[in-house]
Amino acid sequence: MIFLRRQVPLLITLVTGLVFAVQYYVPHPASEQMLTSVTKWLQIIGGFALVLGVSSLFHVHAMKIRRKEVGWGYSFVLYVSMLGTIAVGLWSNGKEAIDGAMTSFGWIYNFMMVPLQGTMFAILAFFIASAAYRSFRARSREATVLLIAAIIVMMGRVPLGEYLIPLSGDLSQWILNVLNASVRRAILIGVSLGTVALSIKIIFGMERSYLGGGKE
Amino acid sequence: MTFAERMLKIDRRLIFLVIGLCTLLPLLYPVGLPIKISPEVRGVYDYMESLPEGSVFLLSLDFDPASKPELHPQSLSLLRHAFRKNLRVVAMTLWVSGTGMADQVVTQVAREMGKENGKDYVFLGWSPGGTAVIMNMGQDLYGAFPVDYSGKPTKGLPVLQGVTNLRDVNYAISLGAGNPGVEAWYVFGKDKYKFELGGGCTGVMAPGLYPLLRSGQINGLIGGLRGAAEYETLIGQKGKAIAGMDAQSSTHLAIIVLVILCNLFYFSVRRQVKHQGHSGL
């Protein structure tokens with residue numbers, strides 16, 4: 001059992017990791033054909049991952065409802081909404097509209113999902129304003145620099161700001177293009193090097209946490 | 001409790017009210033301040049302008065309804081521009097929850113511009129796999145999307161004539177609200193399949209994409225509602241983005257004033273505390 005649960009996945013990871021790292025640099029038709037096949041597998045696995053995710057969600061919330069845990073009412077709402085949407089989606093053949101006419105699935109999408117998600121995102125503006133008022137203070141030199149940069153960018157990104165302080169537009173462009181881009185690039189390079197190191201560790205079996213825990 | 005201390009502990013509902021009014025009033029009474037075009041938005045526009053008629057333009061609408069206020073106006077403007085230029089439009093999404101919305105926007109603009117499905121444009125819909133879809137399209141577009149969103153086989157569609165994979169795409173733009181989005185299209189798409197790539201994103205995401213822009217990995221970036229308003233200005237078709245700029249202007253200004261006020265009160269309280277400390281000694 002240990003062989004199947006440990007050694008085989010490690011071997012698959014080692015072989016596929018090395019093969020596809022090399023594949024990127026080999027433009028031979030056979031190598032390209034192999035990549036084509038594997039990307040198709042990836043898409044199929046992606047589809048199954050979706051099924052796995054939905055079934056896991058069902059399971060977690062079913063347990064919450066059964067045990068009457070704190071907030072089980074929300075789980076119940078989620079359950080009803082999810083089952084209702086799936087049923088309506090199947091009934092409408094997964095289409096929001098047929099020949100220009102809105103289906104019941106389209107109605108759920110347009111009049112429930114779109115406004116609900118939009119509202120959730122819009123609420124952010126209010127909370128950001130409130131949080132900025134409470135916590136955006138020049139407590140230190142670093143915080144002061146951040147505060148000034150934020151004010152310049154906020155001014156420079158809207159027509160009113162550029163109208164009141166014409167220089168704010170160019171200044172905000174400079175902050176975004178020079179200061180922001182260089183710092184972001186440094187972070188990206190750091191993250192990328194970390195990813196390469198982690199990939200090497202995974203390929204050679206030094207990092208095994210992806211295999212999961214449990215008894216051997 | 002002093003006035004400054006009271007102001008620092010102000011009821012947050014008052015701040016909500018200020019922001020609500022700053023959003024609502026400019027929408028009811030628009031001012032229409034001029035919008036300056038940034039080089040990053042002009043990059044996308046100029047490249048679209050340089051494309052000859054019949055070029056293949058891929059638009060990936062990688063967002064869900066949560067980002068609709070910012071990315072929907074961007075997609076409307078880009079599609080109007082592409083159809084006006086008689087480009088062959090291939091639209092798709094990598095976000096399952098955005099499929100219906102993407103279909104609506106493509107159909108709406110195509111109808112408005114008198115374009116025919118399958119001949120002038122195609123909406124491929126969504127396919128599972130996230131970034132794997134980009135790779136699969138790079139290898140074989142028909143393998144990734146054997147049928148379009150309406151169920152028609154993609155092979156043989158006049159709009160896809162001569163297109164076998166991403167290498168045959170003249171220009172691709174990802175309007176992304178997260179992952180997979182612009183970055184994924186660069187890493188898994190452009191880097192290997194060598195097509196020109198542009199990006200569009202929400203305002204909060206834009207600073208994170210500047211390294212890609214500065215290094216030429218993307219040739220332009222439409223950032224947030226401001227970017228959409230700039231694009232609307234460039235194509236000369238006013239829409240929701242330009243209408244929303246006044247509201248965004250006043251909200252930004254309100255937040256700046258609030259931040260300055262809170263700092264004034266903060267320093268006033270700090271000075272009082274220091275003063276009391278000294279007098280206590």
# chains A, B, ... in the order shown; residues from 1 in each chain; ligands from 1
call {"tool": "residues_around", "arguments": {"residues": "Phe63 (chain B)", "least_positions_apart": "5", "cutoff": "9 Å", "atoms": "only C-alpha atoms", "output": "VMD selection string"}}
result
chain B and resid 68 71 93 to 99 102 175 to 178 181 201
call {"tool": "closest_atom_pairs", "arguments": {"of": "region 34-92 of chain B", "to": "region 150-170 of chain B", "cutoff": "12 Å", "atoms": "only C-alpha atoms", "output": "Markdown table"}}
result
| residue | atom | partner | partner_atom | distance |
| --- | --- | --- | --- | --- |
| B:Tyr47 | CA | B:Asn170 | CA | 10.2 |
| B:Met48 | CA | B:Asn170 | CA | 9.8 |
| B:Ser50 | CA | B:Asn170 | CA | 10.8 |
| B:Leu51 | CA | B:Asn170 | CA | 7.9 |
| B:Pro52 | CA | B:Asn170 | CA | 9.7 |
| B:Glu53 | CA | B:Asn170 | CA | 11.1 |
| B:Gly54 | CA | B:Val159 | CA | 8.9 |
| B:Ser55 | CA | B:Asn170 | CA | 6.1 |
| B:Val56 | CA | B:Val169 | CA | 5.2 |
| B:Phe57 | CA | B:Asn170 | CA | 6.1 |
| B:Leu58 | CA | B:Val169 | CA | 6.8 |
| B:Leu59 | CA | B:Val169 | CA | 10.5 |
| B:Asn86 | CA | B:Val159 | CA | 11.3 |
| B:Leu87 | CA | B:Val159 | CA | 9.5 |
| B:Arg88 | CA | B:Val159 | CA | 6.0 |
| B:Val89 | CA | B:Val159 | CA | 7.6 |
| B:Val90 | CA | B:Val159 | CA | 7.9 |
| B:Ala91 | CA | B:Val159 | CA | 11.3 |
call {"tool": "write_last_selection", "arguments": {"atoms": "C-alpha atoms", "output": "short mmCIF file (atom, residue, chain, number, x, y, z; two decimals), in the first residue's frame"}}
result
data_model
loop_
_atom_site.label_atom_id
_atom_site.label_comp_id
_atom_site.auth_asym_id
_atom_site.auth_seq_id
_atom_site.Cartn_x
_atom_site.Cartn_y
_atom_site.Cartn_z
CA TYR B 47 -2.59 48.42 -31.78
CA MET B 48 -6.27 47.75 -32.52
CA SER B 50 -3.12 49.15 -36.74
CA LEU B 51 -4.79 45.76 -37.36
CA PRO B 52 -5.92 45.23 -40.95
CA GLU B 53 -9.51 44.24 -41.70
CA GLY B 54 -10.20 40.53 -41.14
CA SER B 55 -7.50 40.12 -38.48
CA VAL B 56 -8.29 37.67 -35.70
CA PHE B 57 -9.02 39.40 -32.40
CA LEU B 58 -9.44 37.22 -29.32
CA LEU B 59 -11.22 38.73 -26.34
CA ASN B 86 -14.22 44.64 -39.21
CA LEU B 87 -11.97 42.33 -37.22
CA ARG B 88 -12.90 38.69 -36.78
CA VAL B 89 -13.88 38.51 -33.12
CA VAL B 90 -13.33 35.35 -31.09
CA ALA B 91 -14.73 35.80 -27.58
#
call {"tool": "residues_around", "arguments": {"residues": "region 172-174 of chain A", "least_positions_apart": "6", "cutoff": "7 Å", "atoms": "only C-alpha atoms", "output": "list of chain:residue names"}}
result
A:Ile152, A:Val153, A:Gly156
call {"tool": "write_last_selection", "arguments": {"atoms": "C-alpha atoms", "output": "PDB file, in the first residue's frame"}}
result
ATOM      1  CA  ILE A 152      -1.172  61.573  -5.232  1.00  0.00           C
ATOM      2  CA  VAL A 153      -2.287  58.400  -7.053  1.00  0.00           C
ATOM      3  CA  GLY A 156      -4.054  61.582 -10.450  1.00  0.00           C
TER       4      GLY A 156
END
call {"tool": "residues_around", "arguments": {"residues": "Gly20 (chain B)", "least_positions_apart": "6", "cutoff": "10 Å", "atoms": "only C-alpha atoms", "output": "PyMOL selection string"}}
result
(chain A and resi 125-126) or (chain B and resi 14+247+251)
call {"tool": "write_last_selection", "arguments": {"atoms": "N, CA and C atoms", "output": "PDB file, in the first residue's frame"}}
result
ATOM      1  N   ALA A 125     -16.390  49.838  -1.344  1.00  0.00           N
ATOM      2  CA  ALA A 125     -16.076  51.278  -1.398  1.00  0.00           C
ATOM      3  C   ALA A 125     -16.376  51.936  -0.051  1.00  0.00           C
ATOM      4  N   PHE A 126     -17.500  51.545   0.555  1.00  0.00           N
ATOM      5  CA  PHE A 126     -17.897  52.131   1.839  1.00  0.00           C
ATOM      6  C   PHE A 126     -16.939  51.692   2.947  1.00  0.00           C
TER       7      PHE A 126
ATOM      8  N   LEU B  14     -21.886  57.658   9.255  1.00  0.00           N
ATOM      9  CA  LEU B  14     -21.774  59.004   8.672  1.00  0.00           C
ATOM     10  C   LEU B  14     -20.837  58.990   7.456  1.00  0.00           C
ATOM     11  N   ALA B 247     -18.599  60.385 -10.507  1.00  0.00           N
ATOM     12  CA  ALA B 247     -18.847  59.754  -9.206  1.00  0.00           C
ATOM     13  C   ALA B 247     -17.533  59.279  -8.599  1.00  0.00           C
ATOM     14  N   THR B 251     -15.838  60.648  -5.114  1.00  0.00           N
ATOM     15  CA  THR B 251     -15.587  59.671  -4.051  1.00  0.00           C
ATOM     16  C   THR B 251     -14.111  59.677  -3.657  1.00  0.00           C
TER      17      THR B 251
END
call {"tool": "select_by_dssp", "arguments": {"residues": "region 22-88 of chain B", "states": "strand (DSSP E)", "output": "PyMOL selection string"}}
result
chain B and resi 56-62+88
call {"tool": "closest_atom_pairs", "arguments": {"of": "chain A", "to": "chain B", "cutoff": "6 Å", "atoms": "only C-alpha atoms", "output": "CSV"}}
result
residue,atom,partner,partner_atom,distance
A:Thr36,CA,B:Gln139,CA,5.5
A:Thr39,CA,B:Asn136,CA,5.3
A:Gln43,CA,B:Gly129,CA,4.4
A:Gly46,CA,B:Gly129,CA,4.3
A:Gly47,CA,B:Pro128,CA,5.2
A:Val114,CA,B:Pro65,CA,5.0
A:Gln117,CA,B:Ala66,CA,4.5
A:Gly118,CA,B:Ala66,CA,4.5
A:Phe121,CA,B:Ala66,CA,5.6
A:Phe126,CA,B:Phe16,CA,5.5
A:Ala129,CA,B:Ile255,CA,5.8
A:Tyr133,CA,B:Val259,CA,5.2
A:Arg137,CA,B:Asn263,CA,5.6
A:Val158,CA,B:Ser249,CA,5.1
A:Pro159,CA,B:Ile35,CA,5.8
A:Leu160,CA,B:Ser249,CA,5.4
A:Ala181,CA,B:Pro211,CA,4.9
A:Arg185,CA,B:Pro211,CA,5.6
call {"tool": "closest_residue", "arguments": {"among": "B:His275, B:Lys119, B:Arg42, B:His72", "to": "Tyr231 (chain B)", "atoms": "only C-alpha atoms"}}
result
B:Arg42
call {"tool": "atom_distance", "arguments": {"atom1": "CA of Val196 (chain A)", "atom2": "CA of Leu18 (chain A)"}}
result
12.8 Å
call {"tool": "atom_distance", "arguments": {"atom1": "CA of His61 (chain A)", "atom2": "CA of Phe76 (chain A)"}}
result
7.6 Å
call {"tool": "select_by_dssp", "arguments": {"residues": "region 102-280 of chain B", "states": "alpha helix (DSSP H)", "output": "short mmCIF file (atom, residue, chain, number, x, y, z; two decimals) with C-alpha atoms, in the first residue's frame"}}
result
data_model
loop_
_atom_site.label_atom_id
_atom_site.label_comp_id
_atom_site.auth_asym_id
_atom_site.auth_seq_id
_atom_site.Cartn_x
_atom_site.Cartn_y
_atom_site.Cartn_z
CA ALA B 102 -19.97 37.48 -21.54
CA ASP B 103 -22.50 35.97 -23.93
CA GLN B 104 -24.86 38.89 -23.35
CA VAL B 105 -22.24 41.57 -23.98
CA VAL B 106 -20.93 39.92 -27.17
CA THR B 107 -24.44 39.33 -28.54
CA GLN B 108 -25.56 42.86 -27.61
CA VAL B 109 -22.67 44.64 -29.35
CA ALA B 110 -22.77 42.31 -32.36
CA ARG B 111 -26.48 43.01 -32.84
CA GLU B 112 -25.89 46.75 -32.41
CA THR B 131 -4.87 27.92 -17.47
CA ALA B 132 -4.93 24.47 -19.14
CA VAL B 133 -7.53 25.88 -21.55
CA ILE B 134 -5.02 28.53 -22.70
CA MET B 135 -2.39 25.85 -23.32
CA ASN B 136 -4.89 23.62 -25.07
CA MET B 137 -5.97 26.52 -27.31
CA GLY B 138 -2.30 27.14 -28.05
CA GLN B 139 -1.93 23.55 -29.22
CA LEU B 141 -8.17 25.53 -30.61
CA TYR B 142 -10.75 23.01 -31.81
CA GLY B 143 -9.64 20.53 -29.14
CA ALA B 144 -10.24 23.12 -26.43
CA VAL B 182 -3.97 38.79 -17.86
CA GLU B 183 -0.94 37.21 -16.16
CA ALA B 184 -2.04 33.67 -17.03
CA ASP B 191 5.21 33.44 -23.97
CA LYS B 192 4.95 30.19 -25.96
CA TYR B 193 2.59 30.97 -28.83
CA TYR B 210 2.74 47.38 -14.48
CA PRO B 211 5.85 45.15 -14.54
CA LEU B 212 4.31 43.25 -17.49
CA LEU B 213 3.50 46.53 -19.18
CA ARG B 214 6.91 48.12 -18.65
CA GLY B 224 -10.47 50.01 -14.01
CA LEU B 225 -13.30 52.41 -14.74
CA ARG B 226 -10.81 55.16 -15.59
CA GLY B 227 -9.25 52.99 -18.30
CA ALA B 228 -12.70 52.17 -19.67
CA ALA B 229 -13.59 55.89 -19.73
CA GLU B 230 -10.37 56.64 -21.62
CA TYR B 231 -11.19 53.94 -24.18
CA GLU B 232 -14.74 55.27 -24.58
CA THR B 233 -13.22 58.71 -25.22
CA LEU B 234 -10.80 57.26 -27.79
CA ILE B 235 -13.51 55.48 -29.80
CA LYS B 240 -21.26 54.05 -18.51
CA ALA B 241 -17.56 54.52 -17.77
CA ILE B 242 -17.49 58.21 -18.68
CA ALA B 243 -20.78 58.64 -16.77
CA GLY B 244 -19.21 57.00 -13.73
CA MET B 245 -16.02 59.09 -13.73
CA ASP B 246 -17.66 62.07 -11.98
CA ALA B 247 -18.85 59.75 -9.21
CA GLN B 248 -15.39 58.23 -8.92
CA SER B 249 -13.81 61.71 -8.87
CA SER B 250 -15.97 62.92 -6.01
CA THR B 251 -15.59 59.67 -4.05
CA HIS B 252 -11.79 59.80 -4.37
CA LEU B 253 -11.83 63.41 -3.25
CA ALA B 254 -14.10 62.58 -0.31
CA ILE B 255 -11.74 59.79 0.83
CA ILE B 256 -8.73 62.13 0.51
CA VAL B 257 -10.48 64.81 2.60
CA LEU B 258 -11.48 62.17 5.18
CA VAL B 259 -7.89 60.88 5.40
CA ILE B 260 -6.48 64.41 5.79
CA LEU B 261 -9.09 65.24 8.46
CA CYS B 262 -8.41 62.05 10.40
CA ASN B 263 -4.68 62.86 10.38
CA LEU B 264 -5.32 66.40 11.62
CA PHE B 265 -7.43 65.05 14.48
CA TYR B 266 -4.85 62.36 15.18
CA PHE B 267 -2.00 64.88 15.49
CA SER B 268 -4.16 67.18 17.58
CA VAL B 269 -4.91 64.34 20.04
CA ARG B 270 -1.23 63.31 20.08
CA ARG B 271 -0.14 66.87 20.85
CA GLN B 272 -2.69 67.08 23.68
CA VAL B 273 -1.45 63.80 25.16
CA LYS B 274 2.17 65.03 24.95
CA HIS B 275 1.24 68.36 26.51
CA GLN B 276 -0.62 66.66 29.38
CA GLY B 277 2.36 64.38 29.90
CA HIS B 278 4.73 67.34 30.18
CA SER B 279 2.47 69.28 32.54
CA GLY B 280 2.06 66.17 34.69
#
call {"tool": "atom_distance", "arguments": {"atom1": "CA of Ile128 (chain A)", "atom2": "CA of Leu146 (chain A)"}}
result
15.7 Å
call {"tool": "residues_around", "arguments": {"residues": "region 6-10 of chain A", "least_positions_apart": "3", "cutoff": "9 Å", "atoms": "only C-alpha atoms", "output": "list in words"}}
result
Met1, Ile2, Phe3, Thr13, Leu14, Val15, Ile202, Ile203, Phe204, Gly205, Arg208, Leu211 and Glu216 of chain A
